[in-house]
$ cat target33.txt   # compact mmCIF, C-alpha atoms
# COMPACT_ATOMS: atom_id res chain seq x y z
CA MET A 1 -24.98 1.98 -21.99
CA LEU A 2 -21.73 0.15 -21.21
CA LYS A 3 -19.85 2.15 -23.85
CA GLU A 4 -21.09 5.36 -22.24
CA LEU A 5 -19.89 4.21 -18.82
CA LEU A 6 -16.44 3.37 -20.18
CA LYS A 7 -16.15 6.75 -21.92
CA GLU A 8 -16.30 8.46 -18.54
CA PHE A 9 -14.31 5.84 -16.62
CA LYS A 10 -10.66 6.52 -15.84
CA SER A 11 -8.65 3.33 -16.16
CA ILE A 12 -6.87 1.86 -13.13
CA ASP A 13 -3.53 0.07 -13.51
CA VAL A 14 -4.13 -2.96 -11.29
CA ASP A 15 -0.46 -3.95 -11.30
CA GLN A 16 0.59 -0.47 -10.12
CA MET A 17 -1.96 -0.27 -7.32
CA ARG A 18 -1.98 -3.89 -6.13
CA LEU A 19 1.52 -5.30 -6.13
CA PRO A 20 1.93 -8.96 -5.13
CA GLY A 21 1.41 -9.32 -1.39
CA PHE A 22 -0.54 -6.04 -1.11
CA LEU A 23 -3.20 -7.29 1.30
CA GLN A 24 -0.66 -9.01 3.55
CA LYS A 25 1.50 -5.88 3.60
CA ARG A 26 -1.53 -3.85 4.67
CA GLU A 27 -2.41 -6.52 7.26
CA ASP A 28 1.06 -6.22 8.78
CA GLU A 29 0.93 -2.40 8.80
CA ILE A 30 -2.51 -2.37 10.42
CA LYS A 31 -1.32 -4.83 13.07
CA VAL A 32 1.60 -2.53 13.94
CA CYS A 33 -0.82 0.33 14.58
CA VAL A 34 -3.13 -1.86 16.68
CA ASP A 35 -0.21 -3.09 18.78
CA ASN A 36 1.06 0.46 19.30
CA VAL A 37 -2.33 1.50 20.69
CA ILE A 38 -2.70 -1.57 22.92
CA ASN A 39 0.84 -1.11 24.24
CA GLY A 40 0.26 2.63 24.64
CA LYS A 41 -2.71 4.18 26.41
CA GLY A 42 -5.03 1.46 25.21
CA LEU A 43 -8.62 1.38 23.97
CA LYS A 44 -11.89 2.75 25.31
CA ASN A 45 -15.37 1.29 24.80
CA ILE A 46 -17.86 3.11 22.60
CA ASP A 47 -21.30 2.24 23.98
CA LYS A 48 -23.50 4.21 21.56
CA CYS A 49 -23.32 5.65 18.07
CA PRO A 50 -21.15 8.78 18.20
CA LEU A 51 -23.25 10.36 15.45
CA CYS A 52 -26.86 9.84 16.55
CA GLY A 53 -26.63 8.41 20.08
CA GLU A 54 -28.43 5.15 19.27
CA THR A 55 -27.39 2.24 21.50
CA LYS A 56 -28.77 -0.56 19.30
CA ARG A 57 -26.33 -1.93 16.76
CA GLU A 58 -25.42 -5.05 14.84
CA PHE A 59 -22.08 -6.79 14.40
CA ILE A 60 -20.59 -6.54 10.89
CA PHE A 61 -16.97 -7.76 11.14
CA ALA A 62 -13.94 -7.85 13.43
CA ARG A 63 -10.22 -7.46 12.97
CA PHE A 64 -7.53 -8.15 15.57
CA GLY A 65 -10.26 -8.70 18.18
CA ILE A 66 -11.89 -5.29 17.68
CA ASN A 67 -15.49 -5.35 16.46
CA ALA A 68 -17.04 -3.09 13.86
CA VAL A 69 -20.78 -2.55 14.29
CA LYS A 70 -23.55 -0.86 12.34
CA CYS A 71 -25.82 1.63 14.08
CA SER A 72 -29.49 0.59 14.00
CA GLY A 73 -30.47 4.25 13.92
CA CYS A 74 -28.45 6.09 11.26
CA GLY A 75 -26.75 3.10 9.59
CA THR A 76 -23.20 4.32 10.22
CA GLY A 77 -20.53 1.73 10.87
CA TYR A 78 -18.13 2.36 13.73
CA MET A 79 -15.61 0.50 15.86
CA GLU A 80 -16.71 -0.68 19.32
CA LYS A 81 -13.40 0.55 20.72
CA PHE A 82 -11.47 3.78 19.96
CA PRO A 83 -7.87 4.58 20.93
CA VAL A 84 -7.67 6.50 24.18
CA ASP A 85 -4.97 8.64 22.55
CA SER A 86 -4.75 8.83 18.74
CA GLY A 87 -1.16 9.92 19.17
CA ASP A 88 -0.38 6.23 19.75
CA VAL A 89 -1.18 5.77 16.05
CA TYR A 90 -0.14 8.95 14.26
CA ARG A 91 2.73 10.17 16.42
CA ASN A 92 4.39 6.80 16.78
CA ASP A 93 7.78 6.25 15.12
CA ASP A 94 6.29 3.53 12.90
CA TYR A 95 3.71 5.77 11.23
CA THR A 96 5.86 7.96 8.96
CA PRO A 97 7.76 5.07 7.29
CA ILE A 98 4.42 3.33 6.57
CA ALA A 99 2.96 6.51 5.04
CA LYS A 100 6.02 7.11 2.88
CA SER A 101 5.95 3.53 1.61
CA ASP A 102 2.22 3.62 0.85
CA TYR A 103 2.11 7.01 -0.89
CA LEU A 104 5.52 7.86 -2.34
CA ASP A 105 6.62 4.55 -3.88
CA ASN A 106 4.32 5.11 -6.89
CA VAL A 107 3.75 8.84 -6.53
CA LYS A 108 3.95 9.71 -10.24
CA TYR A 109 1.25 7.22 -11.16
CA ARG A 110 -0.84 8.28 -8.14
CA GLN A 111 -0.69 11.93 -9.21
CA GLU A 112 -1.42 11.18 -12.86
CA ARG A 113 -4.34 8.81 -12.26
CA PHE A 114 -5.91 10.05 -9.04
CA GLY A 115 -4.49 13.51 -8.34
CA LYS A 116 -5.49 15.06 -11.67
CA GLU A 117 -9.01 13.65 -11.34
CA ARG A 118 -9.34 15.38 -7.96
CA ILE A 119 -8.03 18.66 -9.38
CA GLU A 120 -10.65 18.44 -12.16
CA ILE A 121 -13.44 18.01 -9.59
CA LEU A 122 -12.24 21.06 -7.65
CA GLN A 123 -11.91 23.21 -10.76
CA LYS A 124 -15.43 22.31 -11.86
CA TYR A 125 -17.02 23.53 -8.61
CA LEU A 126 -14.72 26.36 -7.53
CA LYS A 127 -15.94 29.85 -8.36
CA LYS A 128 -12.36 31.09 -8.75
CA GLU A 129 -9.44 30.15 -10.96
CA SER A 130 -6.86 27.82 -9.43
CA LYS A 131 -4.23 30.56 -9.21
CA GLU A 132 -6.67 32.71 -7.21
CA SER A 133 -7.60 29.90 -4.81
CA ARG A 134 -6.15 28.94 -1.45
CA LEU A 135 -6.34 25.20 -0.73
CA LEU A 136 -5.96 23.26 2.51
CA ASP A 137 -5.46 19.49 2.41
CA VAL A 138 -6.48 18.00 5.76
CA GLY A 139 -4.58 14.83 6.57
CA CYS A 140 -2.13 15.68 3.80
CA GLY A 141 0.34 12.93 4.72
CA THR A 142 3.36 13.00 2.43
CA GLY A 143 1.90 15.92 0.45
CA TRP A 144 1.65 14.05 -2.86
CA PHE A 145 -1.62 15.81 -3.70
CA LEU A 146 -0.45 19.25 -2.55
CA ASP A 147 2.63 18.87 -4.73
CA LEU A 148 0.35 18.44 -7.76
CA ALA A 149 -2.04 21.21 -6.68
CA GLN A 150 0.89 23.63 -6.56
CA GLN A 151 1.66 22.76 -10.16
CA TYR A 152 -1.89 23.83 -11.07
CA GLY A 153 -1.38 27.22 -9.41
CA PHE A 154 -3.17 26.67 -6.10
CA ARG A 155 -1.74 28.40 -3.04
CA VAL A 156 -1.55 25.40 -0.74
CA ALA A 157 -1.23 24.49 2.91
CA GLY A 158 -1.59 21.23 4.75
CA GLN A 159 -2.65 19.71 8.05
CA GLU A 160 -1.19 16.44 9.27
CA PHE A 161 -1.55 15.14 12.83
CA SER A 162 1.72 13.20 12.69
CA THR A 163 4.34 15.71 13.85
CA GLU A 164 7.19 13.99 12.02
CA LEU A 165 5.21 13.62 8.79
CA SER A 166 3.97 17.22 8.90
CA ARG A 167 7.57 18.43 9.26
CA PHE A 168 8.71 16.18 6.42
CA THR A 169 5.99 17.50 4.07
CA ALA A 170 6.46 21.14 5.04
CA GLU A 171 10.19 20.93 4.32
CA ARG A 172 9.77 18.91 1.13
CA LEU A 173 7.26 21.30 -0.42
CA GLY A 174 8.21 24.54 1.33
CA ILE A 175 4.68 25.16 2.64
CA GLN A 176 2.78 25.65 5.89
CA VAL A 177 1.69 22.32 7.40
CA TRP A 178 -0.08 22.38 10.73
CA SER A 179 0.26 19.39 13.05
CA ASP A 180 -2.59 20.67 15.22
CA PRO A 181 -6.04 19.21 14.51
CA ILE A 182 -8.21 21.22 12.10
CA THR A 183 -10.38 22.20 15.07
CA GLU A 184 -7.38 24.04 16.58
CA ILE A 185 -6.14 25.89 13.48
CA PRO A 186 -6.71 29.67 13.92
CA VAL A 187 -10.18 30.65 12.71
CA ASN A 188 -8.80 33.53 10.65
CA GLU A 189 -7.14 30.99 8.33
CA LYS A 190 -9.63 30.83 5.44
CA PHE A 191 -9.60 28.73 2.29
CA ASP A 192 -11.43 28.52 -1.01
CA ALA A 193 -11.09 24.75 -1.09
CA ILE A 194 -10.53 22.22 1.68
CA THR A 195 -9.87 18.60 0.81
CA LEU A 196 -10.18 15.57 3.07
CA PHE A 197 -9.09 12.42 1.26
CA ASP A 198 -9.66 9.38 3.49
CA VAL A 199 -9.63 11.49 6.64
CA ILE A 200 -13.11 11.87 8.15
CA GLU A 201 -13.27 8.17 9.03
CA HIS A 202 -10.14 8.59 11.20
CA VAL A 203 -11.45 11.22 13.62
CA PRO A 204 -13.36 10.41 16.83
CA ASN A 205 -15.73 13.37 16.39
CA PRO A 206 -16.59 13.81 12.68
CA VAL A 207 -19.30 16.40 13.37
CA ALA A 208 -16.85 18.73 15.15
CA VAL A 209 -14.34 18.36 12.31
CA ILE A 210 -16.94 19.10 9.63
CA GLU A 211 -18.17 22.12 11.61
CA SER A 212 -14.57 23.35 11.69
CA ILE A 213 -14.23 22.80 7.94
CA LYS A 214 -17.27 25.02 7.42
CA GLU A 215 -15.76 27.68 9.68
CA HIS A 216 -12.51 27.75 7.66
CA LEU A 217 -14.20 28.11 4.26
CA ASN A 218 -14.30 31.46 2.49
CA LYS A 219 -17.61 32.66 1.12
CA ASP A 220 -18.47 30.35 -1.81
CA GLY A 221 -15.72 27.97 -0.66
CA ILE A 222 -16.06 24.22 -1.13
CA ALA A 223 -14.90 21.09 0.64
CA LEU A 224 -14.15 17.80 -1.11
CA PHE A 225 -14.52 14.61 0.95
CA PHE A 226 -13.44 11.08 0.01
CA THR A 227 -14.22 8.30 2.49
CA PRO A 228 -14.78 4.51 2.42
CA ASN A 229 -18.32 3.37 1.61
CA LEU A 230 -19.69 0.75 4.00
CA ASP A 231 -22.46 -0.03 1.52
CA SER A 232 -20.06 -1.32 -1.14
CA LEU A 233 -19.14 -4.52 -2.97
CA GLY A 234 -15.62 -4.42 -1.57
CA PHE A 235 -16.80 -4.46 2.05
CA TRP A 236 -19.54 -7.01 1.34
CA LYS A 237 -17.12 -9.50 -0.21
CA LEU A 238 -13.87 -8.94 1.68
CA LYS A 239 -15.22 -7.91 5.09
CA GLU A 240 -12.37 -7.78 7.63
CA ARG A 241 -9.83 -8.74 4.95
CA SER A 242 -10.46 -5.42 3.18
CA SER A 243 -7.48 -3.08 3.32
CA LEU A 244 -9.95 -0.40 4.47
CA VAL A 245 -10.72 -2.20 7.74
CA MET A 246 -8.16 -0.53 10.01
CA PRO A 247 -9.51 -0.82 13.58
CA VAL A 248 -7.54 1.90 15.40
CA GLU A 249 -7.30 4.19 12.36
CA HIS A 250 -10.66 3.91 10.58
CA LEU A 251 -13.09 4.56 13.41
CA PHE A 252 -16.12 5.09 11.14
CA TYR A 253 -17.57 3.52 8.00
CA PHE A 254 -20.09 5.89 6.44
CA THR A 255 -22.84 5.32 3.94
CA GLU A 256 -24.15 7.93 1.52
CA LYS A 257 -27.22 8.37 3.74
CA SER A 258 -25.34 8.75 7.02
CA LEU A 259 -22.81 11.26 5.70
CA ARG A 260 -25.54 13.32 4.04
CA MET A 261 -27.19 13.39 7.48
CA VAL A 262 -24.03 14.89 9.00
CA PHE A 263 -23.68 17.54 6.28
CA GLU A 264 -27.33 18.52 6.74
CA LYS A 265 -26.84 18.76 10.50
CA VAL A 266 -23.81 21.03 10.11
CA GLY A 267 -25.41 23.23 7.44
CA LEU A 268 -23.44 22.26 4.35
CA GLU A 269 -25.15 21.70 1.01
CA VAL A 270 -24.14 18.75 -1.17
CA GLU A 271 -23.39 19.88 -4.72
CA TYR A 272 -21.79 16.68 -6.01
CA PHE A 273 -21.91 13.04 -5.02
CA ALA A 274 -20.45 9.91 -6.58
CA ALA A 275 -19.38 6.45 -5.47
CA LYS A 276 -16.20 5.28 -7.19
CA GLY A 277 -13.57 2.90 -6.02
CA MET A 278 -11.02 0.13 -6.12
CA ASP A 279 -13.29 -2.84 -5.45
CA VAL A 280 -12.08 -4.89 -8.39
CA PRO A 281 -8.35 -4.31 -7.74
CA ASP A 282 -8.92 -5.33 -4.12
CA LEU A 283 -10.79 -8.47 -5.18
CA PHE A 284 -8.04 -9.22 -7.70
CA SER A 285 -5.46 -9.03 -4.92
CA HIS A 286 -7.60 -11.28 -2.70
CA TYR A 287 -8.03 -14.00 -5.33
CA ARG A 288 -4.40 -13.83 -6.46
CA ASP A 289 -2.69 -13.76 -3.06
CA ASP A 290 -5.14 -15.15 -0.48
CA LEU A 291 -7.09 -17.74 -2.44
CA LYS A 292 -4.37 -18.55 -5.00
CA ASN A 293 -7.05 -18.69 -7.69
CA GLU A 294 -5.21 -17.57 -10.81
CA ALA A 295 -8.17 -18.07 -13.14
CA VAL A 296 -10.44 -15.68 -11.25
CA ALA A 297 -7.58 -13.23 -10.61
CA ASP A 298 -6.74 -13.15 -14.32
CA PHE A 299 -10.41 -12.60 -15.20
CA LEU A 300 -10.67 -9.70 -12.76
CA LYS A 301 -7.49 -8.12 -14.05
CA GLU A 302 -8.48 -8.48 -17.70
CA ASN A 303 -11.94 -7.00 -17.10
CA SER A 304 -11.08 -4.61 -14.30
CA ASP A 305 -12.18 -1.39 -15.97
CA VAL A 306 -15.49 -2.77 -17.25
CA LEU A 307 -16.40 -4.34 -13.91
CA GLN A 308 -15.38 -1.31 -11.84
CA ALA A 309 -17.29 1.05 -14.15
CA ILE A 310 -20.45 -1.00 -13.57
CA ILE A 311 -19.89 -1.05 -9.80
CA ASP A 312 -19.30 2.72 -9.78
CA ALA A 313 -22.50 3.32 -11.74
CA SER A 314 -24.48 1.21 -9.25
CA GLY A 315 -23.38 3.39 -6.33
CA LYS A 316 -21.80 0.39 -4.60
CA ALA A 317 -18.12 1.26 -5.08
CA ASN A 318 -15.93 1.36 -2.00
CA HIS A 319 -15.40 5.13 -1.82
CA LEU A 320 -17.85 7.98 -1.39
CA ARG A 321 -17.12 11.42 -2.87
CA PHE A 322 -18.85 14.63 -1.84
CA ILE A 323 -18.47 18.29 -2.75
CA VAL A 324 -20.18 20.47 -0.15
CA ARG A 325 -20.67 24.22 0.13
CA LYS A 326 -22.06 26.53 2.79
CA LYS A 327 -25.82 26.94 2.50

$ encode --input "target33.txt" --output "structure tokens"
Amino acid sequence: MLKELLKEFKSIDVDQMRLPGFLQKREDEIKVCVDNVINGKGLKNIDKCPLCGETKREFIFARFGINAVKCSGCGTGYMEKFPVDSGDVYRNDDYTPIAKSDYLDNVKYRQERFGKERIEILQKYLKKESKESRLLDVGCGTGWFLDLAQQYGFRVAGQEFSTELSRFTAERLGIQVWSDPITEIPVNEKFDAITLFDVIEHVPNPVAVIESIKEHLNKDGIALFFTPNLDSLGFWKLKERSSLVMPVEHLFYFTEKSLRMVFEKVGLEVEYFAAKGMDVPDLFSHYRDDLKNEAVADFLKENSDVLQAIIDASGKANHLRFIVRKK
């Protein structure tokens, strides 16, 4: 059984993805974004679950004084406070340098290890060849994935809410990148594939965004979602110290059940689901840098692939993956 799991598992270079000081670097970056919101238009209270309307909830963790809670109705995690204006996060001068540092410093490894895997998923479920397919990457950031998709023949475009970052990516790749939200992109813009990698948790109205995704899909088009998994080992162990707990950026923390509920509500059919992640690299970073426990850190690093493969197979990895298609 274990040998079979490892045959399918794609190895993760822990040293590449979790440089010394990784969690503290993320802590500092997250704090910058929180401060920019507080010093900008501020925060607003969220009194009920934005997905199902349930008012009952339970506390799960807090970071920088902002609580994350779990809905007693649908099980979705969400922040008790949202930014009044998300532009305080994504259109602030601090945002583009952070994004470039996080996603371009090791871009070749990122494309080789993670980008190609995402291309393979798309190619498996698309009903067209890559060169015949138009692809939109929502929340494209620096365009590292679009760069790779172009190499595979996709006709690509991007959407990135940060005006400066969208301009940077458009000029770097020579492509169309909208800085308007997906809900405001002209409806006649249709795509065979739409990707949202770590995006849906950022938006204050996920249902409206997913409805817009459906509207922009061609007949037989697919959408590929990646998003953090609240029901994961990484969250259970690290809680607020997880690099995925980003109070003014990550507004939601979905579970498989809660995101399936949203897709069903919108009228999208799930064709593929998996939970895969970076739980072990995150734990490695925690034991190495926070707890200064070299013995445990070395064990996690040495056995990273085996342990992560087991976690992935259990469905408790820290990222959910869905391919959805119009019913």

$ closest_residue --input "target33.txt" --among "A:Arg57, A:His319, A:Arg167, A:Arg172" --to "Gly277 (chain A)" --atoms "only C-alpha atoms"
A:His319

$ residues_around --input "target33.txt" --residues "Asp305 (chain A)" --least-positions-apart "4" --cutoff "7 Å" --atoms "only C-alpha atoms" --output "PDB file with C-alpha atoms, in the coordinates of the input"
ATOM      1  CA  SER A  11      -8.650   3.330 -16.160  1.00  0.00           C
ATOM      2  CA  ILE A  12      -6.870   1.860 -13.130  1.00  0.00           C
ATOM      3  CA  ALA A 309     -17.290   1.050 -14.150  1.00  0.00           C
TER       4      ALA A 309
END

$ residues_around --input "target33.txt" --residues "region 197-213 of chain A" --least-positions-apart "6" --cutoff "10 Å" --atoms "only C-alpha atoms" --output "ChimeraX atom specification"
/A:50-51,77-78,82-83,86,118,136-140,145,181-185,187,190-191,222-228,244,246-254,259,262-263,265-268,319-321

$ atom_distance --input "target33.txt" --atom1 "CA of Thr163 (chain A)" --atom2 "CA of Glu112 (chain A)"
27.7 Å

$ residues_around --input "target33.txt" --residues "Val177 (chain A)" --least-positions-apart "4" --cutoff "9 Å" --atoms "all atoms listed in the file" --output "list in words"
Cys140, Ala157, Gly158, Gln159, Glu160, Ser166, Arg167, Thr169 and Ala170 of chain A

$ write_last_selection --input "target33.txt" --atoms "C-alpha atoms" --output "CSV table (one decimal), in the frame of the given file"
chain,number,residue,atom,x,y,z
A,140,CYS,CA,-2.1,15.7,3.8
A,157,ALA,CA,-1.2,24.5,2.9
A,158,GLY,CA,-1.6,21.2,4.8
A,159,GLN,CA,-2.6,19.7,8.0
A,160,GLU,CA,-1.2,16.4,9.3
A,166,SER,CA,4.0,17.2,8.9
A,167,ARG,CA,7.6,18.4,9.3
A,169,THR,CA,6.0,17.5,4.1
A,170,ALA,CA,6.5,21.1,5.0

$ residues_around --input "target33.txt" --residues "Cys49 (chain A)" --least-positions-apart "2" --cutoff "9 Å" --atoms "only C-alpha atoms" --output "PyMOL selection string"
chain A and resi 46-47+51-57+70-74+76-78

$ atom_distance --input "target33.txt" --atom1 "CA of Thr255 (chain A)" --atom2 "CA of Leu122 (chain A)"
22.2 Å

$ residues_around --input "target33.txt" --residues "region 287-301 of chain A" --least-positions-apart "4" --cutoff "8 Å" --atoms "only C-alpha atoms" --output "list in words"
Val14, Pro20, Gly21, Leu23, Val280, Pro281, Leu283 and Leu307 of chain A
